[in-house]
$ cat entry_3.txt   # compact mmCIF, C-alpha atoms and all ligand atoms
# COMPACT_ATOMS: atom_id res chain seq x y z
CA MET C 35 12.22 60.11 -30.15
CA LYS C 36 9.20 60.87 -28.00
CA VAL C 37 9.87 62.94 -24.91
CA LEU C 38 7.53 63.53 -21.94
CA VAL C 39 7.97 66.53 -19.64
CA LEU C 40 6.34 66.31 -16.20
CA GLY C 41 5.02 69.57 -14.79
CA GLY C 42 3.11 72.59 -15.95
CA GLY C 43 4.95 75.80 -15.04
CA GLY C 44 7.36 78.25 -16.63
CA ARG C 45 10.30 75.92 -16.02
CA GLU C 46 8.55 73.12 -17.89
CA HIS C 47 7.55 75.45 -20.73
CA ALA C 48 11.22 76.42 -21.17
CA LEU C 49 12.29 72.76 -21.05
CA ALA C 50 9.64 71.64 -23.54
CA TRP C 51 10.52 74.60 -25.81
CA LYS C 52 14.18 73.61 -25.84
CA ILE C 53 13.51 69.88 -26.25
CA ALA C 54 11.11 70.53 -29.14
CA GLN C 55 13.97 72.19 -31.07
CA SER C 56 16.00 68.97 -31.08
CA PRO C 57 16.29 67.22 -34.45
CA LEU C 58 16.25 63.94 -32.50
CA VAL C 59 12.72 64.57 -31.23
CA GLU C 60 9.53 63.80 -33.17
CA GLU C 61 7.01 64.37 -30.40
CA VAL C 62 7.00 66.27 -27.12
CA HIS C 63 4.32 65.54 -24.53
CA ALA C 64 3.67 67.19 -21.18
CA ALA C 65 1.62 66.30 -18.12
CA PRO C 66 -0.22 68.33 -17.07
CA GLY C 67 1.33 71.06 -19.27
CA ASN C 68 -0.22 74.51 -19.77
CA PRO C 69 -1.39 76.68 -22.68
CA GLY C 70 2.16 77.88 -23.37
CA ILE C 71 3.53 74.34 -23.38
CA ALA C 72 0.69 73.37 -25.72
CA GLN C 73 2.38 75.53 -28.40
CA VAL C 74 5.32 73.11 -28.51
CA ALA C 75 3.93 69.86 -27.06
CA THR C 76 0.82 67.75 -26.63
CA CYS C 77 -0.53 68.32 -23.12
CA HIS C 78 -2.20 65.69 -20.94
CA PRO C 79 -3.94 67.70 -18.22
CA LYS C 80 -6.00 64.79 -16.94
CA ALA C 81 -3.20 62.24 -16.66
CA GLY C 82 -3.15 62.33 -12.84
CA SER C 83 -0.15 63.19 -10.70
CA LYS C 84 0.92 59.97 -8.99
CA PRO C 85 4.07 58.16 -10.17
CA GLU C 86 1.88 55.30 -11.44
CA ASP C 87 -0.28 57.74 -13.43
CA TYR C 88 2.80 59.13 -15.15
CA LEU C 89 4.09 55.62 -15.85
CA ALA C 90 0.78 54.61 -17.42
CA LEU C 91 0.85 57.73 -19.60
CA ALA C 92 4.46 57.17 -20.67
CA LYS C 93 3.71 53.54 -21.58
CA SER C 94 0.56 54.39 -23.51
CA LEU C 95 2.39 57.07 -25.52
CA GLU C 96 5.50 54.88 -25.99
CA ILE C 97 7.69 57.61 -24.53
CA ASP C 98 11.47 57.17 -24.95
CA LEU C 99 12.59 59.74 -22.37
CA THR C 100 10.83 61.50 -19.49
CA VAL C 101 12.13 64.70 -17.88
CA VAL C 102 10.81 65.69 -14.45
CA GLY C 103 10.33 69.39 -13.67
CA PRO C 104 9.07 69.85 -10.09
CA GLU C 105 10.22 68.26 -6.83
CA ALA C 106 6.92 66.70 -5.68
CA PRO C 107 6.90 63.76 -8.14
CA LEU C 108 10.60 63.15 -7.40
CA VAL C 109 10.03 62.95 -3.67
CA ALA C 110 7.01 60.70 -4.40
CA GLY C 111 9.33 58.27 -6.22
CA VAL C 112 8.49 58.77 -9.90
CA VAL C 113 12.09 58.00 -10.91
CA ASP C 114 12.06 54.76 -8.87
CA VAL C 115 8.80 53.68 -10.52
CA PHE C 116 10.03 54.44 -14.06
CA SER C 117 13.42 52.80 -13.48
CA THR C 118 11.82 49.63 -12.12
CA ALA C 119 9.69 49.52 -15.27
CA GLY C 120 12.82 50.00 -17.43
CA LEU C 121 11.85 53.45 -18.74
CA ALA C 122 14.42 56.22 -19.17
CA ILE C 123 13.81 59.23 -16.93
CA VAL C 124 15.84 62.29 -15.90
CA GLY C 125 15.73 62.95 -12.15
CA PRO C 126 16.88 61.57 -8.80
CA THR C 127 15.32 58.65 -6.94
CA ALA C 128 13.17 59.44 -3.89
CA ALA C 129 16.15 58.60 -1.66
CA ALA C 130 18.47 61.00 -3.51
CA ALA C 131 15.77 63.69 -3.69
CA GLN C 132 15.98 63.90 0.12
CA LEU C 133 18.82 66.30 -0.58
CA GLU C 134 15.99 68.75 -1.26
CA GLY C 135 13.11 67.06 0.55
CA SER C 136 14.66 67.28 4.02
CA LYS C 137 16.82 70.16 5.13
CA ALA C 138 17.98 68.08 8.12
CA PHE C 139 19.09 65.28 5.78
CA SER C 140 20.76 67.77 3.48
CA LYS C 141 22.70 69.50 6.28
CA GLY C 142 23.72 66.15 7.78
CA PHE C 143 24.92 65.01 4.35
CA MET C 144 26.98 68.18 3.87
CA ASP C 145 28.53 67.59 7.27
CA ARG C 146 29.50 64.01 6.38
CA ALA C 147 30.78 64.97 2.94
CA GLY C 148 32.69 68.03 4.13
CA ILE C 149 30.76 70.43 1.89
CA PRO C 150 30.96 74.09 2.94
CA THR C 151 27.68 75.32 4.42
CA ALA C 152 26.44 77.52 7.28
CA ARG C 153 27.12 76.13 10.77
CA PHE C 154 23.88 74.55 12.00
CA LEU C 155 22.01 72.57 14.66
CA VAL C 156 18.90 70.45 14.12
CA VAL C 157 16.32 70.52 16.92
CA ASP C 158 12.86 69.04 17.39
CA SER C 159 11.51 70.70 20.51
CA GLN C 160 11.07 74.18 21.91
CA ALA C 161 13.47 73.51 24.78
CA ALA C 162 16.18 72.24 22.45
CA ALA C 163 15.64 75.19 20.10
CA LEU C 164 15.95 77.74 22.90
CA SER C 165 19.16 76.24 24.20
CA ALA C 166 20.57 75.92 20.64
CA LEU C 167 19.92 79.62 20.04
CA ASP C 168 22.44 80.40 22.81
CA SER C 169 25.25 79.34 20.50
CA PHE C 170 24.30 81.66 17.58
CA SER C 171 24.66 85.39 17.06
CA TYR C 172 22.12 87.56 15.21
CA PRO C 173 20.69 87.64 12.65
CA VAL C 174 20.08 83.87 12.83
CA VAL C 175 18.30 81.68 10.27
CA LEU C 176 15.54 79.20 11.19
CA LYS C 177 14.27 76.66 8.66
CA ALA C 178 11.38 74.22 8.86
CA ASP C 179 12.41 70.73 7.79
CA GLY C 180 10.64 69.26 4.75
CA LEU C 181 9.28 70.77 1.55
CA ALA C 182 7.74 74.15 2.32
CA ALA C 183 7.67 75.79 -1.14
CA GLY C 184 10.16 78.43 -0.05
CA LYS C 185 8.00 79.58 2.87
CA GLY C 186 9.80 77.69 5.61
CA VAL C 187 12.72 80.09 6.18
CA VAL C 188 12.82 82.86 8.80
CA ILE C 189 15.70 85.29 9.25
CA ALA C 190 15.39 86.49 12.85
CA GLN C 191 17.09 89.77 13.78
CA ASP C 192 17.08 89.18 17.54
CA ARG C 193 16.30 86.65 20.25
CA ALA C 194 12.63 87.65 20.52
CA GLU C 195 12.09 87.17 16.77
CA ALA C 196 13.94 83.85 16.88
CA GLU C 197 11.80 82.55 19.75
CA ALA C 198 8.63 83.63 17.95
CA ALA C 199 9.83 81.81 14.81
CA VAL C 200 10.53 78.64 16.82
CA ARG C 201 6.97 78.70 18.13
CA SER C 202 5.47 79.36 14.68
CA ILE C 203 7.45 76.59 13.01
CA LEU C 204 6.81 73.98 15.72
CA SER C 205 3.09 74.78 15.86
CA GLY C 206 2.82 74.38 12.08
CA GLU C 207 1.73 78.01 11.64
CA ILE C 208 4.73 78.46 9.34
CA ALA C 209 5.05 75.71 6.72
CA GLY C 210 2.27 73.51 8.17
CA GLN C 211 3.22 69.86 8.54
CA ALA C 212 6.75 70.78 7.61
CA GLY C 213 7.32 72.11 11.12
CA GLY C 214 8.29 68.98 13.07
CA ARG C 215 12.00 69.75 13.08
CA ILE C 216 13.92 72.99 12.83
CA VAL C 217 17.33 73.66 11.37
CA ILE C 218 18.93 76.65 13.08
CA GLU C 219 21.86 78.09 11.20
CA GLU C 220 24.40 80.84 10.99
CA PHE C 221 23.49 83.84 8.79
CA LEU C 222 25.78 84.05 5.76
CA VAL C 223 26.75 87.28 4.02
CA GLY C 224 27.44 87.46 0.29
CA GLU C 225 25.79 87.22 -3.10
CA GLU C 226 23.55 84.29 -3.99
CA VAL C 227 24.22 82.22 -7.10
CA SER C 228 22.34 79.24 -8.53
CA PHE C 229 24.78 76.61 -9.79
CA ILE C 230 23.03 73.69 -11.47
CA VAL C 231 24.53 70.53 -12.94
CA LEU C 232 23.03 67.55 -14.75
CA SER C 233 24.39 64.26 -13.39
CA ASP C 234 24.14 60.59 -14.29
CA GLY C 235 25.19 59.51 -10.79
CA LYS C 236 28.95 59.63 -11.50
CA ASP C 237 29.67 62.29 -14.09
CA PHE C 238 28.05 65.65 -14.63
CA VAL C 239 27.78 68.57 -17.01
CA ALA C 240 27.37 72.09 -15.61
CA MET C 241 24.82 74.70 -16.60
CA GLU C 242 26.01 78.30 -16.76
CA PRO C 243 25.60 80.19 -13.47
CA SER C 244 22.36 82.08 -12.89
CA GLN C 245 20.86 84.36 -10.29
CA ASP C 246 17.28 84.40 -9.01
CA HIS C 247 15.40 87.33 -7.41
CA LYS C 248 13.39 85.86 -4.58
CA ALA C 249 11.89 88.93 -2.91
CA ILE C 250 8.67 90.37 -4.33
CA PHE C 251 9.78 94.02 -4.47
CA ASP C 252 12.66 95.95 -6.05
CA GLY C 253 15.86 96.13 -4.03
CA ASP C 254 15.18 92.62 -2.62
CA LYS C 255 12.49 93.99 -0.30
CA GLY C 256 9.35 92.28 0.93
CA PRO C 257 8.41 88.64 1.40
CA ASN C 258 10.07 85.83 -0.54
CA THR C 259 8.40 84.39 -3.62
CA GLY C 260 9.16 81.43 -5.87
CA GLY C 261 11.36 83.82 -7.87
CA MET C 262 10.47 87.10 -9.62
CA GLY C 263 13.08 86.94 -12.36
CA ALA C 264 16.50 85.60 -13.19
CA TYR C 265 19.47 86.06 -15.41
CA CYS C 266 22.11 83.72 -16.74
CA ALA C 267 25.58 84.97 -17.66
CA SER C 268 29.10 83.55 -17.58
CA GLY C 269 30.33 86.61 -15.69
CA ILE C 270 28.15 86.09 -12.59
CA ILE C 271 31.14 84.30 -11.10
CA THR C 272 34.76 84.13 -12.25
CA PRO C 273 36.17 80.96 -13.87
CA GLU C 274 38.19 80.44 -10.66
CA GLN C 275 35.05 80.65 -8.54
CA ALA C 276 33.25 78.23 -10.86
CA GLN C 277 36.14 75.79 -10.49
CA GLN C 278 36.01 76.20 -6.71
CA VAL C 279 32.26 75.44 -6.72
CA ILE C 280 32.87 72.31 -8.76
CA GLU C 281 35.73 71.10 -6.56
CA THR C 282 34.31 71.95 -3.13
CA VAL C 283 30.58 71.43 -3.72
CA ILE C 284 29.58 69.55 -6.87
CA GLN C 285 32.22 66.80 -7.07
CA PRO C 286 32.08 65.86 -3.37
CA THR C 287 28.27 65.82 -3.48
CA ILE C 288 28.13 63.47 -6.47
CA ARG C 289 30.92 61.31 -5.02
CA HIS C 290 29.43 61.01 -1.53
CA MET C 291 25.88 60.42 -2.74
CA GLU C 292 27.22 57.52 -4.77
CA ALA C 293 29.30 56.23 -1.84
CA GLU C 294 26.24 56.36 0.44
CA GLY C 295 24.30 54.15 -1.97
CA THR C 296 22.01 56.92 -3.23
CA PRO C 297 23.70 58.12 -6.43
CA PHE C 298 22.35 61.48 -7.54
CA THR C 299 20.95 61.44 -11.07
CA GLY C 300 19.20 64.37 -12.72
CA PHE C 301 19.52 68.06 -11.92
CA LEU C 302 21.48 68.99 -8.82
CA TYR C 303 20.84 72.62 -7.95
CA ALA C 304 23.24 74.18 -5.48
CA GLY C 305 21.87 77.43 -4.05
CA LEU C 306 25.13 79.11 -3.07
CA MET C 307 26.18 82.08 -1.00
CA MET C 308 29.46 83.45 -2.38
CA THR C 309 30.99 84.47 0.95
CA ALA C 310 34.36 86.07 1.66
CA ALA C 311 35.47 82.57 2.72
CA GLY C 312 34.38 80.97 -0.57
CA PRO C 313 31.14 79.41 -1.82
CA LYS C 314 28.83 77.91 0.82
CA VAL C 315 25.68 75.90 0.14
CA LEU C 316 22.43 77.52 1.32
CA GLU C 317 20.32 74.70 0.00
CA PHE C 318 20.27 71.87 -2.48
CA ASN C 319 17.39 71.33 -4.85
CA ALA C 320 16.92 68.06 -6.68
CA ARG C 321 15.60 69.73 -9.83
CA LEU C 322 16.05 72.72 -12.09
CA GLY C 323 15.19 76.15 -10.67
CA ASP C 324 12.21 78.20 -11.71
CA PRO C 325 12.79 80.86 -13.19
CA GLU C 326 16.47 79.92 -13.63
CA THR C 327 15.52 77.29 -16.25
CA GLN C 328 13.94 79.94 -18.46
CA VAL C 329 17.21 81.87 -18.79
CA ILE C 330 19.42 78.75 -18.91
CA MET C 331 17.42 77.20 -21.76
CA HIS C 332 17.40 80.51 -23.60
CA ARG C 333 21.20 80.64 -23.54
CA MET C 334 21.95 77.00 -24.29
CA ASP C 335 23.30 76.59 -27.81
CA SER C 336 23.65 72.79 -27.87
CA ASP C 337 20.89 70.33 -28.48
CA PHE C 338 19.99 69.41 -24.88
CA VAL C 339 18.42 66.04 -25.66
CA PRO C 340 21.65 63.98 -25.97
CA ALA C 341 22.76 65.17 -22.51
CA LEU C 342 19.32 64.45 -21.01
CA LEU C 343 19.37 60.95 -22.49
CA ALA C 344 22.92 60.41 -21.24
CA SER C 345 21.88 61.45 -17.72
CA ALA C 346 19.09 58.86 -17.76
CA THR C 347 21.34 56.09 -19.09
CA GLY C 348 24.56 56.68 -17.15
CA LYS C 349 26.54 57.91 -20.15
CA LEU C 350 27.34 61.55 -19.36
CA ALA C 351 31.14 61.11 -19.27
CA GLY C 352 32.73 63.38 -21.86
CA HIS C 353 29.55 65.38 -22.57
CA THR C 354 29.83 69.15 -22.95
CA LEU C 355 27.28 71.89 -23.59
CA GLN C 356 27.76 75.02 -25.68
CA TRP C 357 26.32 78.36 -24.64
CA LYS C 358 25.42 81.51 -26.48
CA PRO C 359 27.79 84.23 -25.25
CA GLU C 360 25.03 86.81 -24.66
CA PRO C 361 23.48 87.01 -21.19
CA SER C 362 19.77 86.19 -20.87
CA VAL C 363 17.21 87.77 -18.57
CA CYS C 364 13.69 86.81 -17.63
CA VAL C 365 11.19 89.05 -15.91
CA VAL C 366 8.30 87.34 -14.14
CA LEU C 367 4.89 88.98 -14.49
CA ALA C 368 2.93 88.01 -11.38
CA ALA C 369 -0.72 88.20 -10.40
CA SER C 370 -2.18 90.75 -8.04
CA GLY C 371 -1.65 89.68 -4.42
CA TYR C 372 1.28 87.31 -5.10
CA PRO C 373 2.99 85.85 -3.00
CA GLY C 374 -0.13 86.01 -0.81
CA ALA C 375 -3.70 85.26 -1.87
CA ILE C 376 -4.05 85.91 -5.59
CA ARG C 377 -6.86 86.73 -7.94
CA THR C 378 -7.15 84.58 -11.09
CA GLY C 379 -9.16 84.78 -14.29
CA ASP C 380 -7.83 88.11 -15.61
CA GLU C 381 -7.45 88.17 -19.38
CA ILE C 382 -3.86 88.32 -20.70
CA LEU C 383 -3.30 90.56 -23.71
CA GLY C 384 -0.41 91.39 -26.02
CA LEU C 385 1.59 88.14 -25.92
CA GLU C 386 1.91 88.18 -29.71
CA ASN C 387 4.07 91.31 -29.45
CA ALA C 388 6.80 89.67 -27.39
CA GLU C 389 9.36 87.25 -28.80
CA THR C 390 9.83 84.69 -26.01
CA VAL C 391 7.34 84.39 -23.19
CA PHE C 392 7.26 81.27 -21.08
CA GLN C 393 3.88 80.64 -19.50
CA ALA C 394 3.47 79.52 -15.89
CA GLY C 395 0.09 80.37 -14.33
CA THR C 396 -2.20 80.56 -17.34
CA LYS C 397 -5.24 78.76 -18.66
CA ILE C 398 -7.69 79.11 -21.50
CA VAL C 399 -11.29 79.92 -20.59
CA ASP C 400 -13.86 80.48 -23.35
CA GLY C 401 -11.07 80.78 -25.88
CA LYS C 402 -9.27 83.50 -23.92
CA LEU C 403 -5.92 83.22 -22.17
CA VAL C 404 -6.39 84.18 -18.50
CA THR C 405 -4.29 84.23 -15.33
CA ALA C 406 -4.42 81.04 -13.27
CA GLY C 407 -1.54 81.27 -10.78
CA GLY C 408 0.78 83.57 -8.84
CA ARG C 409 3.60 83.69 -11.33
CA VAL C 410 1.83 84.09 -14.66
CA LEU C 411 4.47 84.71 -17.36
CA ALA C 412 8.25 84.92 -17.76
CA VAL C 413 9.31 87.35 -20.49
CA THR C 414 12.75 86.22 -21.64
CA ALA C 415 15.37 87.86 -23.86
CA ARG C 416 19.11 87.99 -24.59
CA GLY C 417 21.37 90.92 -25.37
CA ALA C 418 25.03 91.69 -26.07
CA LYS C 419 25.54 92.77 -22.45
CA LEU C 420 23.35 92.08 -19.46
CA ARG C 421 21.97 95.61 -19.70
CA ASP C 422 20.87 95.00 -23.30
CA ALA C 423 19.22 91.71 -22.35
CA LYS C 424 17.45 93.42 -19.47
CA ASP C 425 16.25 96.28 -21.69
CA ALA C 426 15.02 93.80 -24.31
CA ALA C 427 13.05 91.77 -21.74
CA TYR C 428 11.42 94.89 -20.28
CA ARG C 429 10.67 96.24 -23.77
CA ASP C 430 8.89 92.99 -24.65
CA GLY C 431 7.09 93.02 -21.31
CA GLU C 432 5.71 96.51 -21.96
CA ASN C 433 3.38 95.12 -24.59
CA ILE C 434 1.82 92.57 -22.26
CA PHE C 435 -1.06 93.41 -20.02
CA PHE C 436 -3.33 91.83 -17.43
CA ARG C 437 -5.17 93.57 -14.63
CA ASP C 438 -2.99 94.55 -11.62
CA MET C 439 0.02 92.73 -13.03
CA GLN C 440 3.08 93.17 -10.82
CA PHE C 441 6.75 92.73 -11.66
CA ARG C 442 10.17 93.82 -10.44
CA LYS C 443 11.88 96.58 -12.37
CA ASP C 444 15.42 95.71 -11.28
CA ILE C 445 15.97 92.15 -12.53
CA GLY C 446 19.69 91.67 -13.16
CA HIS C 447 20.77 94.75 -11.20
CA LYS C 448 23.49 92.94 -9.23
CA GLY C 449 25.28 91.78 -12.37
CA LEU C 450 25.18 94.95 -14.48
CA ASN C 451 28.76 95.97 -13.71
CA ARG C 452 30.29 92.58 -14.54
CA CYS C 453 28.15 90.81 -17.16
P1 LIG C 501 16.54 78.30 1.33
O1 LIG C 501 15.13 77.85 1.08
O2 LIG C 501 17.26 77.48 2.33
O3 LIG C 501 17.32 78.52 0.08
O4 LIG C 501 16.39 79.78 1.92
C1 LIG C 501 15.64 80.77 1.24
C2 LIG C 501 16.40 82.05 1.24
O5 LIG C 501 16.70 82.47 2.57
C3 LIG C 501 17.74 81.96 0.54
O6 LIG C 501 17.63 82.12 -0.83
C4 LIG C 501 18.51 83.09 1.21
O7 LIG C 501 18.15 84.33 0.63
C5 LIG C 501 17.99 83.06 2.62
N1 LIG C 501 18.88 82.24 3.47
C6 LIG C 501 18.75 80.93 3.74
N2 LIG C 501 19.74 80.50 4.53
C7 LIG C 501 20.52 81.56 4.79
C8 LIG C 501 21.72 81.76 5.55
N3 LIG C 501 22.29 80.78 6.24
N4 LIG C 501 22.25 83.00 5.58
C9 LIG C 501 21.68 84.01 4.89
N5 LIG C 501 20.55 83.89 4.17
C10 LIG C 501 19.97 82.68 4.10
N1 LIG C 502 14.24 79.77 -8.16
C1 LIG C 502 14.45 79.00 -7.00
C2 LIG C 502 13.94 77.65 -7.05
O1 LIG C 502 13.51 77.16 -8.07
O2 LIG C 502 13.96 77.00 -6.03
$ encode --input "entry_3.txt" --output "C-alpha cells"
Amino acid sequence: MKVLVLGGGGREHALAWKIAQSPLVEEVHAAPGNPGIAQVATCHPKAGSKPEDYLALAKSLEIDLTVVGPEAPLVAGVVDVFSTAGLAIVGPTAAAAQLEGSKAFSKGFMDRAGIPTARFLVVDSQAAALSALDSFSYPVVLKADGLAAGKGVVIAQDRAEAEAAVRSILSGEIAGQAGGRIVIEEFLVGEEVSFIVLSDGKDFVAMEPSQDHKAIFDGDKGPNTGGMGAYCASGIITPEQAQQVIETVIQPTIRHMEAEGTPFTGFLYAGLMMTAAGPKVLEFNARLGDPETQVIMHRMDSDFVPALLASATGKLAGHTLQWKPEPSVCVVLAASGYPGAIRTGDEILGLENAETVFQAGTKIVDGKLVTAGGRVLAVTARGAKLRDAKDAAYRDGENIFFRDMQFRKDIGHKGLNRC
C-alpha cells in the first residue's frame, strides 16, 4: 500500500512513523512533511495546500490511503473532494468538521444530542453579550466562534474582565475574523483529559486516554500554547470513567451526527473536563491532538493501518487496538518567545543522542537542521511507570540543544500518583 499523510508537524511525524512500521505499507508520502517526517516518508513540500492540490498529488502517486493531520484541510473539504473522486481518506467531511470549526455549532449539537457540556449562551452583539453575562457567575468563559488556533478562549475572573473580553473578541482583536460570535459559558472545575476515537461514521475504536499541558510555564501558569507536552496512560481515568465517556459522549455524538445527515468519520477528539458531576465536553476537535498523537502512537502496539483503512471504508465494526502497558510521555522543546513572536533559524544539536524525537518546527538550511516554528521538537519515551517514562523523556531531552530553547519541567505531574 501507499499511504499519504497530510500535514507537517509533530503529530504528522508521529503518524507517519507509526504507519511506516506497518508490513502492509510499501511507501509513505507526506505533504508538506518536514525533515523529521523525511526520515520515514517521501515529502512533497511544494504540493500546495488546497484540497484539489492534495487530490492531484494523491492521484499522481497512486496513493491507496490518505490520512489528514490538521483541521484546516478538513474544514476546507479535503475529505469531500477525495470521496467524490473515489479515493480512500481518513477524516470528517467539511460538514462534520464543523464540530471543531464552529464552537456555536458544536455547542448547539451537544444541546440537541444531550451531551454533557458547560451551560452556555451564544451571542453576536455587545448588548446581547452584556445581558447574557447577567446569568453567569465568575469566573466565566468567553470563546470566539470559529477556528482560532487555541487563542480564542478567555477566562474572565470578574465582570470588568468579561466586558473587556467581549469587546476584544467582537472587534477582532482576539482571534481576528473569528470574533463575529461569542460563546459564553460556565466555568468547569476538574481535570482535563483528551479522549480520542477513530470512527467510520457508525462504529469506532478508542485511543487510550491522554493529557495535554496547554500553558507555557510549569504549574499550568502563563498563556496557553498549542500544547507543551503530553502523556498517555491507561490510569489517567478509571475503566468506569472511560465507559461513562463512551456512553455519555462518544456514542451519542456518533449516533446523532449520523442521524443529522453528517456522519462523523475520522478522528473525534473530545476535550473533557472530569467534573464531580461526571465528564463534560470542553471542546470537540475533528482530528488527532498535537502533542497527544506523539504519545498515543508511541504506546500503540497494533499495526494502525488496518484500522485507518477501515475508518475510510466504513468497516470499523469489530476492530480493536492493542496498547503497550507502559505509559508514554512527550516533552515539547519550544523556540524562544513561544507562544508569542518567535525567533527561527537556530541550529538544533544532539538529536542523534535521543531515541525518539518527533519533529514539528524544523527545517534544513545549508545542510543544518534549524528551528522553524514555535514548537520545535517532541522528545518521547515510555517507562514502567509514568515517573520512569517522564525521567526517560527528560534524560533524552538533556542531550538536545538549540539557543534559548524552552520547555516545561513538570510534564505528567498530575498523573504521577495514579499511572
Ligand atoms: P477550548 O479551546 O474550548 O478547549 O478551551 C481552551 C482551554 O480553556 C481548555 O483546554 C480549558 O483549559 C479552558 N476552558 C475552556 N472552556 C472551559 C470551561 N468551560 N471551564 C473551564 N475551563 C475551560
Ligand atoms: N493538544 C490540543 C490540540 O491538539 O488541540
$ closest_residue --input "entry_3.txt" --among "C:Leu222, C:Leu176, C:Val410, C:Ala129" --to "Ser202 in chain C" --atoms "only C-alpha atoms"
C:Leu176
$ residues_near_ligand --input "entry_3.txt" --ligand "ligand LIG 501 (chain C)" --cutoff "6 Å" --atoms "all atoms listed in the file" --output "list in words"
Ala152, Val175, Gly184, Val187, Glu219, Glu220, Phe221, Leu222, Leu316 and Glu317 of chain C
$ atom_distance --input "entry_3.txt" --atom1 "CA of Val188 in chain C" --atom2 "CA of Phe251 in chain C"
17.6 Å
$ residues_near_ligand --input "entry_3.txt" --ligand "ligand LIG 502 (chain C)" --cutoff "12 Å" --atoms "only C-alpha atoms and all ligand atoms" --output "PyMOL selection string"
chain C and resi 43-46+103-105+134-135+181-185+226-230+244-249+258-265+301-306+316-330+364+366+409
$ residues_around --input "entry_3.txt" --residues "range 430-435 of chain C" --least-positions-apart "6" --cutoff "8 Å" --atoms "only C-alpha atoms" --output "list in words"
Val365, Ile382, Leu383, Gly384, Leu385, Asn387, Ala388, Glu389 and Val413 of chain C
$ write_last_selection --input "entry_3.txt" --atoms "C-alpha atoms" --output "CSV table (one decimal), in the coordinates of the input"
chain,number,residue,atom,x,y,z
C,365,VAL,CA,11.2,89.0,-15.9
C,382,ILE,CA,-3.9,88.3,-20.7
C,383,LEU,CA,-3.3,90.6,-23.7
C,384,GLY,CA,-0.4,91.4,-26.0
C,385,LEU,CA,1.6,88.1,-25.9
C,387,ASN,CA,4.1,91.3,-29.4
C,388,ALA,CA,6.8,89.7,-27.4
C,389,GLU,CA,9.4,87.2,-28.8
C,413,VAL,CA,9.3,87.4,-20.5
$ closest_residue --input "entry_3.txt" --among "C:Asp400, C:Asp98, C:Glu281, C:Glu225" --to "Gly449 in chain C" --atoms "only C-alpha atoms"
C:Glu225
$ closest_atom_pairs --input "entry_3.txt" --of "range 386-407 of chain C" --to "range 74-88 of chain C" --cutoff "12 Å" --atoms "only C-alpha atoms" --output "Markdown table"
| residue | atom | partner | partner_atom | distance |
| --- | --- | --- | --- | --- |
| C:Phe392 | CA | C:Val74 | CA | 11.2 |
| C:Gln393 | CA | C:Val74 | CA | 11.8 |
| C:Lys397 | CA | C:Pro79 | CA | 11.1 |
$ closest_residue --input "entry_3.txt" --among "C:Lys93, C:Arg437, C:Lys424, C:Arg153" --to "Gly371 in chain C" --atoms "only C-alpha atoms"
C:Arg437
$ atom_distance --input "entry_3.txt" --atom1 "CA of Tyr172 in chain C" --atom2 "CA of Arg146 in chain C"
26.2 Å
$ atom_distance --input "entry_3.txt" --atom1 "CA of Met334 in chain C" --atom2 "CA of Gly300 in chain C"
17.3 Å
$ closest_residue --input "entry_3.txt" --among "C:Ala412, C:Ala406, C:Ala423, C:Ala310" --to "Ala267 in chain C" --atoms "only C-alpha atoms"
C:Ala423
$ closest_residue --input "entry_3.txt" --among "C:Ile53, C:Val279, C:Cys453, C:Ala427" --to "Asp335 in chain C" --atoms "all atoms listed in the file"
C:Ile53
$ residues_near_point --input "entry_3.txt" --point "(9.9, 63.9, -23.1)" --cutoff "12 Å" --atoms "all atoms listed in the file" --output "MDAnalysis selection string"
chainID C and resid 35:41 46 49:54 56 58:65 67 74:77 88 91:92 95:103 121:124 338:339 342:343 346
$ closest_residue --input "entry_3.txt" --among "C:Arg416, C:His447, C:Arg421, C:His332" --to "Glu242 in chain C" --atoms "only C-alpha atoms"
C:His332
$ residues_around --input "entry_3.txt" --residues "Ser268 in chain C" --least-positions-apart "4" --cutoff "10 Å" --atoms "all atoms listed in the file" --output "ChimeraX atom specification"
/C:241-244,272-273,276,357-361,452-453
$ residues_around --input "entry_3.txt" --residues "Ser370 in chain C" --least-positions-apart "3" --cutoff "6 Å" --atoms "only C-alpha atoms" --output "CSV table (one decimal) with C-alpha atoms, in the frame of the given file"
chain,number,residue,atom,x,y,z
C,376,ILE,CA,-4.0,85.9,-5.6
C,438,ASP,CA,-3.0,94.6,-11.6
C,439,MET,CA,0.0,92.7,-13.0
$ residues_around --input "entry_3.txt" --residues "Gly214 in chain C" --least-positions-apart "5" --cutoff "9 Å" --atoms "all atoms listed in the file" --output "list of chain:residue names"
C:Asp158, C:Ser159, C:Ala178, C:Asp179, C:Gly180, C:Ile203, C:Leu204, C:Ser205, C:Gly206
$ residues_around --input "entry_3.txt" --residues "range 114-120 of chain C" --least-positions-apart "5" --cutoff "7 Å" --atoms "all atoms listed in the file" --output "PDB file with C-alpha atoms, in the coordinates of the input"
ATOM      1  CA  PRO C  85       4.070  58.160 -10.170  1.00  0.00           C
ATOM      2  CA  LEU C  89       4.090  55.620 -15.850  1.00  0.00           C
ATOM      3  CA  THR C 127      15.320  58.650  -6.940  1.00  0.00           C
ATOM      4  CA  ALA C 128      13.170  59.440  -3.890  1.00  0.00           C
TER       5      ALA C 128
END
$ decode --input "entry_3.txt" --residues "range 226-241 of chain C" --atoms "C-alpha atoms" --output "short mmCIF file (atom, residue, chain, number, x, y, z; two decimals), in the first residue's frame"
data_model
loop_
_atom_site.label_atom_id
_atom_site.label_comp_id
_atom_site.auth_asym_id
_atom_site.auth_seq_id
_atom_site.Cartn_x
_atom_site.Cartn_y
_atom_site.Cartn_z
CA GLU C 226 -8.79 17.81 31.67
CA VAL C 227 -8.50 14.61 29.64
CA SER C 228 -8.18 14.11 25.89
CA PHE C 229 -10.33 11.19 24.76
CA ILE C 230 -9.92 10.41 21.07
CA VAL C 231 -11.68 7.80 18.96
CA LEU C 232 -11.36 6.76 15.32
CA SER C 233 -14.78 6.40 13.66
CA ASP C 234 -16.12 5.19 10.33
CA GLY C 235 -19.40 7.09 10.81
CA LYS C 236 -21.14 4.28 12.74
CA ASP C 237 -18.58 2.32 14.72
CA PHE C 238 -15.45 3.48 16.47
CA VAL C 239 -12.29 2.31 18.17
CA ALA C 240 -10.93 4.29 21.13
CA MET C 241 -7.40 5.53 21.68
#
